[in-house]
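Peer 1: Please read through the structure below; I'll follow up with questions.
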Amino acid sequence: MSALLRLSRFIDALNERVGHTVAWLVLVMVLISASNAIARKAFAVSSNAFLEIQWYLFAAVFLLAAGYTMLRQEHVRIDVVLGRFSRRTQVIVEAACIVVFLFPFGLIVIDLVWPLVVKAYLMGEMSSNSGGLIRWPVFALVPAGFTLLLLQGASEFIKRIAFLQGLVDDPGRKNHDKRDEADLAEFLRQQAQEAKK
């Protein structure tokens, strides 16, 4: 089990790094979007490439950060039902759902999308919009994102089995650091209160 826990820590570190890197794409999206709006309104200039890159970047953030979201325990849960059971029962259900739902779904998506990625790459598929972008990079985000999600699912499964054996703390506890919006808001509130004194 110690080798599996080392693998789990490696996967967690990988998705942590990807999540922190992908977060910067949000800033890039905002800057591109603002530039597009300014160019369109002020100079009557528009570019399909810049419009498309916005949704390429949105797809990248959404897909590549899925594993990070799972790592941080920020994915959607149905706690109304599961919350009535003991934590041990909850962990058993979570582990079973990873195996029964997440793994098959992720593998099916990758299996279905991969031929489209290869076809788009080999054909050099371009956007149908004038001045649009090549398509295969955005198509490739789907298998890349689902691979990261499946890896994180494996990590979460390992942690839940280790928890059931008493080897690790509760893996379902939300992992927070000082980057969270709530912590930032609290910090800003404290700064404002100190400034009033």
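Naming scheme: A, B, ... for chains in displayed order of the structure tokens; residues 1 onward per chain; ligands 1 onward as shown.
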Neighbours of region 50-63 of chain A within 8 Å (only C-alpha atoms; same-chain residues fewer than 2 positions away dropped), as a list in words?
Peer 2: Val22, Ala23, Leu25, Val26, Met29, Ile32, Ser33, Asn36, Ser47, Asn48, Ala65, Ala66, Gly132, Leu133, Val138, Leu141, Val142, Ala144, Gly145 and Phe146 of chain A
Peer 1: If you count only C-alpha atoms, which residues fall within 10 Å of region 8-15 of chain A, apart from same-chain ones fewer than 6 positions away, as a list of chain:residue names?
Peer 2: A:Ser2, A:Thr21, A:Leu64, A:Ala65, A:Ala66, A:Gly67, A:Tyr68, A:Thr69, A:Met70, A:Leu71, A:Arg72, A:Leu148, A:Leu149, A:Leu151, A:Gln152, A:Gly153, A:Ala154, A:Ser155, A:Glu156, A:Phe157, A:Ile158, A:Lys159
Peer 1: For CA of His20 (chain A) and CA of Ile134 (chain A), quote the distance in Å rounded to one decimal.
Peer 2: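 Computing it gives 26.1 Å between the two atoms.
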Peer 1: Using only C-alpha atoms, which of the listed residues (A:Leu31, A:Thr147, A:Ala95, A:Arg40) sits closest to Val113 (chain A)?
Peer 2: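 Under the stated criterion, the closest residue is A:Thr147.
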